[in-house]
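File shown here: input-v4.txt, holding compact mmCIF, C-alpha atoms and all ligand atoms.
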# COMPACT_ATOMS: atom_id res chain seq x y z
CA MET N 1 -5.06 -27.26 27.23
CA SER N 2 -1.42 -26.99 28.04
CA GLU N 3 -1.32 -30.69 29.08
CA ILE N 4 -2.76 -31.90 25.77
CA VAL N 5 -0.01 -30.06 23.88
CA ILE N 6 2.74 -31.36 26.18
CA LYS N 7 1.44 -34.96 25.88
CA GLU N 8 1.39 -34.70 22.09
CA PHE N 9 4.83 -33.12 22.00
CA ASP N 10 6.26 -35.93 24.17
CA LYS N 11 4.67 -38.51 21.84
CA LEU N 12 6.24 -36.77 18.83
CA GLN N 13 9.62 -36.76 20.52
CA ASP N 14 9.33 -40.50 21.26
CA ARG N 15 8.30 -41.25 17.67
CA TYR N 16 11.23 -39.22 16.38
CA ALA N 17 13.67 -40.91 18.77
CA LYS N 18 12.57 -44.31 17.43
CA LYS N 19 12.53 -43.38 13.75
CA GLN N 20 15.44 -40.93 13.61
CA LYS N 21 13.72 -39.47 10.55
CA PRO N 22 11.34 -36.54 10.01
CA ILE N 23 7.83 -37.55 11.08
CA LYS N 24 4.54 -36.42 9.63
CA PHE N 25 2.31 -34.34 11.88
CA SER N 26 -0.66 -32.13 11.03
CA PHE N 27 -0.52 -29.05 13.28
CA ARG N 28 -3.71 -27.89 11.61
CA LYS N 29 -5.66 -31.04 12.48
CA PHE N 30 -4.32 -31.20 16.02
CA VAL N 31 -5.00 -27.53 16.80
CA ARG N 32 -8.47 -27.52 15.25
CA THR N 33 -9.56 -30.74 16.95
CA ASN N 34 -7.92 -30.52 20.34
CA LEU N 35 -7.51 -26.80 20.99
CA ASN N 36 -10.64 -25.77 19.14
CA ILE N 37 -8.83 -22.92 17.36
CA LYS N 38 -9.71 -22.40 13.71
CA ARG N 39 -7.91 -20.05 11.38
CA SER N 40 -9.04 -18.67 8.05
CA ASP N 41 -9.78 -14.97 7.63
CA VAL N 42 -9.69 -14.26 11.38
CA TYR N 43 -8.42 -11.17 13.17
CA THR N 44 -5.98 -9.35 10.87
CA HIS N 45 -4.26 -12.32 9.18
CA ASN N 46 -5.50 -11.35 5.70
CA ILE N 47 -4.97 -7.61 5.98
CA HIS N 48 -2.25 -7.79 3.29
CA SER N 49 -0.59 -10.59 1.37
CA TYR N 50 3.05 -11.45 2.00
CA PRO N 51 5.27 -14.19 0.56
CA GLY N 52 6.35 -17.09 2.79
CA ARG N 53 3.88 -16.50 5.61
CA LEU N 54 4.09 -19.07 8.37
CA PHE N 55 1.12 -21.41 8.67
CA PRO N 56 -0.60 -20.09 11.88
CA TYR N 57 -1.31 -23.57 13.32
CA ILE N 58 2.42 -24.12 13.95
CA PRO N 59 2.95 -21.16 16.34
CA ILE N 60 -0.49 -21.77 17.89
CA PHE N 61 0.62 -25.29 18.94
CA PHE N 62 3.72 -24.01 20.77
CA LEU N 63 2.07 -20.87 22.15
CA SER N 64 -0.83 -22.81 23.68
CA SER N 65 1.37 -24.42 26.31
CA ASP N 66 3.57 -23.16 29.16
CA LYS N 67 6.14 -25.90 28.49
CA PHE N 68 8.02 -23.92 25.86
CA CYS N 69 7.48 -20.44 27.29
CA PRO N 70 6.20 -19.40 30.74
CA PRO N 71 2.87 -17.54 30.74
CA GLU N 72 4.63 -14.24 31.50
CA GLY N 73 7.55 -14.93 29.12
CA LYS N 74 8.38 -12.89 26.04
CA VAL N 75 8.41 -14.35 22.52
CA LEU N 76 10.69 -13.31 19.66
CA ASP N 77 10.32 -13.86 15.93
CA PRO N 78 13.69 -12.77 14.46
CA PHE N 79 12.36 -12.99 10.86
CA SER N 80 8.88 -11.72 11.52
CA GLY N 81 7.80 -11.11 7.91
CA SER N 82 4.25 -9.75 7.96
CA GLY N 83 3.69 -10.82 11.58
CA THR N 84 1.88 -14.18 11.77
CA VAL N 85 3.77 -15.23 14.91
CA LEU N 86 3.39 -11.76 16.41
CA LEU N 87 -0.37 -11.82 15.94
CA GLU N 88 -0.78 -15.38 17.24
CA SER N 89 1.23 -14.52 20.38
CA ILE N 90 -1.07 -11.68 21.38
CA VAL N 91 -4.42 -13.32 20.55
CA ASN N 92 -3.80 -16.84 21.90
CA PRO N 93 -6.88 -17.86 23.93
CA TYR N 94 -4.82 -19.73 26.59
CA PHE N 95 -1.64 -17.65 27.07
CA LYS N 96 -1.41 -14.15 25.64
CA ARG N 97 2.21 -13.02 25.59
CA ASN N 98 4.23 -9.95 24.74
CA VAL N 99 6.21 -10.48 21.57
CA TYR N 100 9.06 -8.85 19.66
CA GLY N 101 9.61 -8.92 15.92
CA ILE N 102 12.70 -8.20 13.85
CA GLU N 103 12.27 -7.73 10.11
CA ILE N 104 14.56 -6.36 7.42
CA ASN N 105 11.82 -5.45 4.94
CA PRO N 106 10.08 -2.11 5.76
CA LEU N 107 6.84 -3.34 4.14
CA GLY N 108 6.92 -6.41 6.42
CA ARG N 109 7.47 -4.11 9.42
CA LEU N 110 4.57 -1.88 8.39
CA ILE N 111 2.15 -4.81 7.88
CA SER N 112 3.25 -6.46 11.16
CA LYS N 113 2.73 -3.25 13.09
CA VAL N 114 -0.75 -2.66 11.66
CA LYS N 115 -1.66 -6.33 11.98
CA THR N 116 -0.99 -6.23 15.73
CA THR N 117 -2.10 -2.72 16.71
CA PRO N 118 -5.69 -2.35 17.96
CA ILE N 119 -7.44 0.88 16.99
CA ASP N 120 -10.52 2.27 18.68
CA PRO N 121 -13.27 1.61 16.07
CA GLU N 122 -14.85 5.03 16.64
CA GLU N 123 -11.55 6.78 16.02
CA LEU N 124 -10.91 4.68 12.93
CA ASP N 125 -14.35 5.45 11.48
CA LYS N 126 -13.77 9.18 12.05
CA LYS N 127 -10.39 9.06 10.31
CA ILE N 128 -11.83 7.04 7.42
CA ALA N 129 -14.59 9.64 6.95
CA CYS N 130 -11.97 12.42 7.05
CA LEU N 131 -9.82 10.68 4.42
CA TYR N 132 -12.83 10.10 2.15
CA ARG N 133 -13.73 13.79 2.37
CA LYS N 134 -10.19 14.70 1.29
CA ILE N 135 -10.36 12.25 -1.62
CA GLU N 136 -13.72 13.64 -2.80
CA LYS N 137 -12.40 17.21 -2.52
CA ALA N 138 -9.29 16.25 -4.50
CA LYS N 139 -11.50 14.78 -7.26
CA ARG N 140 -13.31 18.11 -7.66
CA ASN N 141 -10.14 20.23 -7.55
CA ARG N 142 -8.57 20.38 -11.01
CA ARG N 143 -5.38 21.83 -9.56
CA PHE N 144 -4.93 19.08 -6.97
CA LYS N 145 -1.42 17.67 -7.22
CA ALA N 146 -1.41 13.89 -7.32
CA LEU N 147 1.81 12.25 -6.10
CA ILE N 148 2.86 10.00 -8.95
CA PRO N 149 6.34 8.55 -8.56
CA LYS N 150 8.68 8.43 -11.52
CA PHE N 151 10.24 5.07 -12.23
CA LYS N 152 11.20 3.07 -15.27
CA ASN N 153 8.36 1.11 -16.89
CA ILE N 154 5.63 2.66 -14.73
CA ASP N 155 3.34 2.55 -17.80
CA LEU N 156 3.95 -1.13 -18.21
CA TRP N 157 2.52 -1.81 -14.75
CA PHE N 158 -0.21 0.82 -14.42
CA SER N 159 -2.86 2.34 -16.69
CA LYS N 160 -3.21 6.13 -16.77
CA ASN N 161 -6.35 5.86 -14.63
CA ALA N 162 -4.58 3.74 -12.04
CA LYS N 163 -1.60 6.12 -11.90
CA ASN N 164 -3.79 9.19 -11.38
CA GLY N 165 -6.10 7.52 -8.88
CA LEU N 166 -3.24 6.10 -6.82
CA GLY N 167 -1.38 9.42 -6.94
CA SER N 168 -4.40 11.33 -5.61
CA ILE N 169 -5.08 8.87 -2.78
CA LYS N 170 -1.41 8.88 -1.82
CA ALA N 171 -1.38 12.69 -1.64
CA CYS N 172 -4.52 12.64 0.54
CA ILE N 173 -3.05 10.09 2.99
CA GLU N 174 0.17 12.12 3.20
CA GLN N 175 -1.89 15.09 4.46
CA LEU N 176 -3.04 13.15 7.57
CA ASP N 177 -1.25 13.29 10.94
CA SER N 178 1.09 10.37 11.59
CA ASP N 179 -0.70 7.90 13.83
CA ASP N 180 -1.88 4.27 13.89
CA CYS N 181 -4.77 5.08 11.52
CA LYS N 182 -2.37 6.53 8.95
CA ASP N 183 -0.27 3.34 9.06
CA PHE N 184 -3.52 1.38 8.59
CA PHE N 185 -4.23 3.47 5.47
CA TRP N 186 -0.73 2.82 4.13
CA VAL N 187 -1.32 -0.94 4.41
CA CYS N 188 -4.63 -0.56 2.55
CA PHE N 189 -2.90 1.64 -0.03
CA SER N 190 -0.17 -0.93 -0.59
CA LYS N 191 -2.84 -3.59 -1.17
CA LEU N 192 -4.54 -1.19 -3.60
CA VAL N 193 -1.33 -0.59 -5.60
CA ARG N 194 -1.02 -4.28 -6.28
CA SER N 195 -4.69 -4.84 -7.00
CA VAL N 196 -5.01 -2.07 -9.64
CA SER N 197 -1.69 -2.95 -11.29
CA LYS N 198 -1.28 -5.22 -14.28
CA ALA N 199 0.57 -7.78 -12.17
CA ASP N 200 -0.51 -11.40 -11.94
CA PRO N 201 -2.23 -11.76 -8.50
CA ASN N 202 -1.23 -15.44 -8.28
CA ILE N 203 2.52 -14.84 -8.39
CA PRO N 204 4.11 -12.99 -5.42
CA PRO N 205 7.04 -11.37 -7.29
CA PRO N 206 5.57 -8.89 -9.82
CA VAL N 207 5.03 -10.48 -13.23
CA ILE N 208 2.69 -9.05 -15.88
CA LEU N 209 -0.61 -10.95 -15.94
CA LYS N 210 -0.95 -12.97 -19.15
CA VAL N 211 -4.54 -14.14 -19.12
CA GLU N 212 -4.10 -16.59 -22.04
CA LYS N 213 -1.78 -18.62 -19.85
CA TYR N 214 -4.83 -19.55 -17.73
CA LYS N 215 -7.07 -20.54 -20.62
CA ASP N 216 -7.59 -24.08 -19.31
CA SER N 217 -7.84 -23.09 -15.67
CA TYR N 218 -10.89 -22.42 -13.48
CA ARG N 219 -9.30 -19.03 -12.78
CA TYR N 220 -9.55 -17.88 -16.39
CA GLU N 221 -12.85 -15.97 -16.29
CA LYS N 222 -11.98 -14.20 -13.02
CA LEU N 223 -8.54 -13.15 -14.27
CA LYS N 224 -9.95 -12.00 -17.61
CA LYS N 225 -12.37 -9.71 -15.74
CA LEU N 226 -9.54 -8.43 -13.54
CA ALA N 227 -7.34 -7.60 -16.53
CA GLN N 228 -10.25 -5.75 -18.19
CA ARG N 229 -11.07 -3.86 -14.99
CA ASN N 230 -7.45 -2.77 -14.57
CA GLU N 231 -7.32 -1.20 -18.05
CA LYS N 232 -9.39 1.62 -16.48
CA PRO N 233 -9.95 0.87 -12.79
CA ASP N 234 -12.22 2.86 -10.49
CA VAL N 235 -9.38 3.30 -8.01
CA VAL N 236 -11.34 5.13 -5.32
CA LYS N 237 -14.10 2.49 -5.33
CA ILE N 238 -11.56 -0.32 -5.02
CA PHE N 239 -9.73 1.55 -2.23
CA LYS N 240 -12.99 1.93 -0.30
CA GLU N 241 -13.68 -1.80 -0.65
CA ILE N 242 -10.22 -2.59 0.75
CA ILE N 243 -10.69 -0.14 3.63
CA ASP N 244 -14.06 -1.67 4.39
CA GLU N 245 -12.72 -5.25 4.54
CA ASN N 246 -9.62 -4.33 6.49
CA SER N 247 -11.41 -2.12 9.00
CA HIS N 248 -13.66 -5.09 9.90
CA ARG N 249 -10.52 -7.15 10.44
CA ILE N 250 -8.74 -4.57 12.60
CA LYS N 251 -11.81 -3.94 14.73
CA ARG N 252 -11.63 -7.58 15.90
CA LEU N 253 -8.42 -6.73 17.79
CA TRP N 254 -10.28 -4.12 19.82
CA GLU N 255 -12.46 -6.91 21.28
CA ILE N 256 -9.43 -8.23 23.21
CA LYS N 257 -9.20 -6.49 26.58
CA GLU N 258 -5.44 -7.05 27.07
CA LEU N 259 -4.74 -5.36 23.73
CA ARG N 260 -7.04 -2.41 24.46
CA ASP N 261 -5.39 -1.96 27.88
CA LYS N 262 -1.93 -2.42 26.33
CA THR N 263 -0.98 -5.02 28.96
CA ILE N 264 -0.13 -7.28 26.01
CA GLY N 265 1.35 -6.16 22.73
CA ALA N 266 3.67 -6.79 19.83
CA LYS N 267 6.68 -4.61 19.12
CA ILE N 268 8.84 -4.38 16.03
CA ILE N 269 12.22 -3.68 17.53
CA TRP N 270 14.90 -3.96 14.88
CA ASP N 271 15.66 -4.63 11.25
CA ASP N 272 18.52 -7.10 11.09
CA SER N 273 18.72 -10.39 12.98
CA ARG N 274 22.43 -10.70 12.27
CA ASN N 275 22.98 -7.82 14.64
CA ILE N 276 20.09 -7.62 17.08
CA LYS N 277 19.59 -4.31 18.84
CA LYS N 278 16.53 -2.55 20.10
CA GLY N 279 14.91 0.54 18.65
CA ASP N 280 11.39 1.90 18.39
CA TYR N 281 9.09 1.46 15.43
CA THR N 282 7.97 4.92 14.30
CA PHE N 283 5.66 5.05 11.26
CA LYS N 284 5.43 3.69 7.69
CA GLY N 285 7.75 0.79 8.53
CA ASP N 286 10.59 3.00 9.82
CA LEU N 287 12.63 2.55 12.98
CA ASN N 288 14.10 5.05 15.38
CA ARG N 289 17.66 3.84 15.84
CA THR N 290 18.78 6.18 18.59
CA GLU N 291 18.00 3.72 21.38
CA SER N 292 19.82 0.43 21.06
CA PRO N 293 20.16 -1.56 24.28
CA LYS N 294 20.63 -5.32 23.74
CA LEU N 295 17.82 -7.72 24.65
CA ASN N 296 19.82 -9.17 27.58
CA ASN N 297 18.22 -12.50 28.52
CA SER N 298 14.72 -11.09 28.24
CA ILE N 299 13.39 -13.63 25.70
CA SER N 300 11.80 -16.95 26.75
CA MET N 301 10.94 -18.41 23.37
CA ILE N 302 12.09 -17.86 19.78
CA ILE N 303 9.79 -19.01 16.99
CA LYS N 304 11.49 -19.13 13.64
CA ARG N 305 10.86 -21.02 10.45
CA CYS N 306 13.58 -23.44 9.32
CA TRP N 307 13.78 -25.05 5.93
CA HIS N 308 14.29 -28.80 6.07
CA ARG N 309 16.12 -30.14 3.02
C1 LIG H 401 9.29 -16.35 5.46
S1 LIG H 401 9.27 -14.77 6.11
C2 LIG H 401 8.88 -15.02 7.79
C3 LIG H 401 7.44 -15.30 8.07
C4 LIG H 401 7.08 -15.00 9.51
N1 LIG H 401 7.87 -15.74 10.48
C5 LIG H 401 5.60 -15.16 9.80
O1 LIG H 401 5.27 -15.24 10.99
O2 LIG H 401 4.76 -15.14 8.88
C6 LIG H 401 11.04 -14.51 6.27
C7 LIG H 401 11.37 -13.05 6.52
O3 LIG H 401 12.72 -12.92 6.94
C8 LIG H 401 13.16 -11.62 6.56
N2 LIG H 401 14.63 -11.55 6.68
C9 LIG H 401 15.57 -12.11 5.88
N3 LIG H 401 16.81 -11.83 6.35
C10 LIG H 401 16.66 -11.10 7.48
C11 LIG H 401 17.56 -10.53 8.44
N4 LIG H 401 18.86 -10.65 8.32
N5 LIG H 401 17.05 -9.87 9.49
C12 LIG H 401 15.70 -9.74 9.63
N6 LIG H 401 14.80 -10.23 8.76
C13 LIG H 401 15.26 -10.92 7.69
C14 LIG H 401 12.60 -11.51 5.13
O4 LIG H 401 12.51 -10.14 4.72
C15 LIG H 401 11.23 -12.17 5.26
O5 LIG H 401 10.21 -11.22 5.49

Mind converting the file's structure to C-alpha cells?
Amino acid sequence: MSEIVIKEFDKLQDRYAKKQKPIKFSFRKFVRTNLNIKRSDVYTHNIHSYPGRLFPYIPIFFLSSDKFCPPEGKVLDPFSGSGTVLLESIVNPYFKRNVYGIEINPLGRLISKVKTTPIDPEELDKKIACLYRKIEKAKRNRRFKALIPKFKNIDLWFSKNAKNGLGSIKACIEQLDSDDCKDFFWVCFSKLVRSVSKADPNIPPPVILKVEKYKDSYRYEKLKKLAQRNEKPDVVKIFKEIIDENSHRIKRLWEIKELRDKTIGAKIIWDDSRNIKKGDYTFKGDLNRTESPKLNNSISMIIKRCWHR
C-alpha cells in the first residue's frame, strides 16, 4: 500500500512543480478506492462533536506510507482538537504508530483521551450498570443533592427539567472513582448537556435555536420536535441513549490487539504548542505538570492543519 501512496504523492509533486499553483486532489476518493479505507461513523470518530475537525482521509493518506514516517516513528499533532489524527494514527491498518497530542482546550483533551483509550467491554458494562443504579437511587431520594452550577442566563439555555436532570447525573458521575470509564461518562455527559439545551445543534458556538428560521428547510420538522422535546426533556432517557451509542463506538477499539496490549497508544502530553513540554494527562481533561522534559528529537512526523488563503 505504501508504494501506491508514494507514487501518488510523487505525481502530485510533479503536477505542483509544473503548475506552481494549488492543485485539486480528493484524499477521500484516493483513500477509499486505493487503500480501501472508508470512514463514516467508525471507531470513536463520532463520540462527541467538535468544531474544525480534520477530515480523516487526509491523515490516513500520509499515515498509510512509510515515506513520511518510519513504521516505528512517533507522530505529533500539536493542535490535536478532539483527536482525529490521534485516532487515525493508532488504528491505521498498514502502520499503527504511537502518537502525541497537544491541545489547549480541556474539552478537546478529554474527548481526545476518551476517543483513543480502549476500555474492556466487560468493565465498561459493569460501570454503566453501577452508574444507572446510582441514577435510579437518586431519582427516588427526595433529599438527593443535584449539582446545578450557577451562571448567568442558565434559564435561557436550559429548562427546569434539563437543569435538574443534568444536575443529578453530574452528581452521580462525581461519586465514581476516577478512571477511564469515568472520563467516558464525562464525554457522554458533555454531549448530553448540549443535546438537552436550547442551543441550535447546527451551529457550533452556542446560539439559541430559532425554529422559524428553518421554515423552508428540510430540517424544519426535526428541529421543531427537538425544541418541543427540550422544553421538558427526559434527561435520563437521553443520557442512556448517548451511553448506548458511544459504548458501541468505544468497544470497537478493544478489537485492536495493539491497543489492548498497550504496545500502541495515543498520549495527550501538553496544553500549549507555543511552549511544548511533556506532562501526563490525568482525568477530566487535566494535565499533571510536574514532569516536563522536552520531546528531544523523538518525533518523526507532525500532522497539522494549515489554512491556505
Ligand atoms: C481545528 S482544531 C484541530 C483539529 C485536529 N487536528 C483534528 O485532528 O481533528 C484546532 C485546535 O487547535 C487548538 N489550539 C489553538 N491554539 C493552540 C495552542 N497554542 N496550543 C495548543 N492547541 C491550540 C484549538 O483549541 C483547537 O482545538

Exercise. Contacts of N:Leu35 at 9 Å or less, counting all atoms listed in the file, minus same-chain residues fewer than 4 places along, as a list in words?
Worked result: Met1, Ile4, Val5, Phe30, Val31, Phe61 and Ser64 of chain N

Give, as JSON, the centre coordinates and the x, y and z edge lengths in Å to one decimal for an axis-aligned box around all listed atoms of ligand LIG 401 (chain H), padded by 5 Å on each side.
{"center_x": 11.8, "center_y": -13.0, "center_z": 7.9, "size_x": 24.1, "size_y": 16.6, "size_z": 16.3}

Exercise. Counting all atoms listed in the file, which protein, DNA or RNA residues come within 8 Å of ligand LIG 401 (chain H), given as a PyMOL selection string?
Worked result: chain N and resi 50-56+77-86+102-105+108+270-274+303-305

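Atom pair atom CA of N:Lys225 / atom CA of N:Pro149 has a distance of 27.1 Å (rounded to one decimal).
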
For this session: Please identify all polymer residues within 12 Å of N:Lys224, counting all atoms listed in the file, omitting same-chain residues fewer than 5 positions from it, and present them as a ChimeraX atom specification.
Result: /N:198,200-201,209-215,217-219,229-231

Keeping only C-alpha atoms, take the residues you just selected and write them out as a PDB file, keeping the file's coordinate frame.
ATOM      1  CA  LYS N 198      -1.280  -5.220 -14.280  1.00  0.00           C
ATOM      2  CA  ASP N 200      -0.510 -11.400 -11.940  1.00  0.00           C
ATOM      3  CA  PRO N 201      -2.230 -11.760  -8.500  1.00  0.00           C
ATOM      4  CA  LEU N 209      -0.610 -10.950 -15.940  1.00  0.00           C
ATOM      5  CA  LYS N 210      -0.950 -12.970 -19.150  1.00  0.00           C
ATOM      6  CA  VAL N 211      -4.540 -14.140 -19.120  1.00  0.00           C
ATOM      7  CA  GLU N 212      -4.100 -16.590 -22.040  1.00  0.00           C
ATOM      8  CA  LYS N 213      -1.780 -18.620 -19.850  1.00  0.00           C
ATOM      9  CA  TYR N 214      -4.830 -19.550 -17.730  1.00  0.00           C
ATOM     10  CA  LYS N 215      -7.070 -20.540 -20.620  1.00  0.00           C
ATOM     11  CA  SER N 217      -7.840 -23.090 -15.670  1.00  0.00           C
ATOM     12  CA  TYR N 218     -10.890 -22.420 -13.480  1.00  0.00           C
ATOM     13  CA  ARG N 219      -9.300 -19.030 -12.780  1.00  0.00           C
ATOM     14  CA  ARG N 229     -11.070  -3.860 -14.990  1.00  0.00           C
ATOM     15  CA  ASN N 230      -7.450  -2.770 -14.570  1.00  0.00           C
ATOM     16  CA  GLU N 231      -7.320  -1.200 -18.050  1.00  0.00           C
TER      17      GLU N 231
END
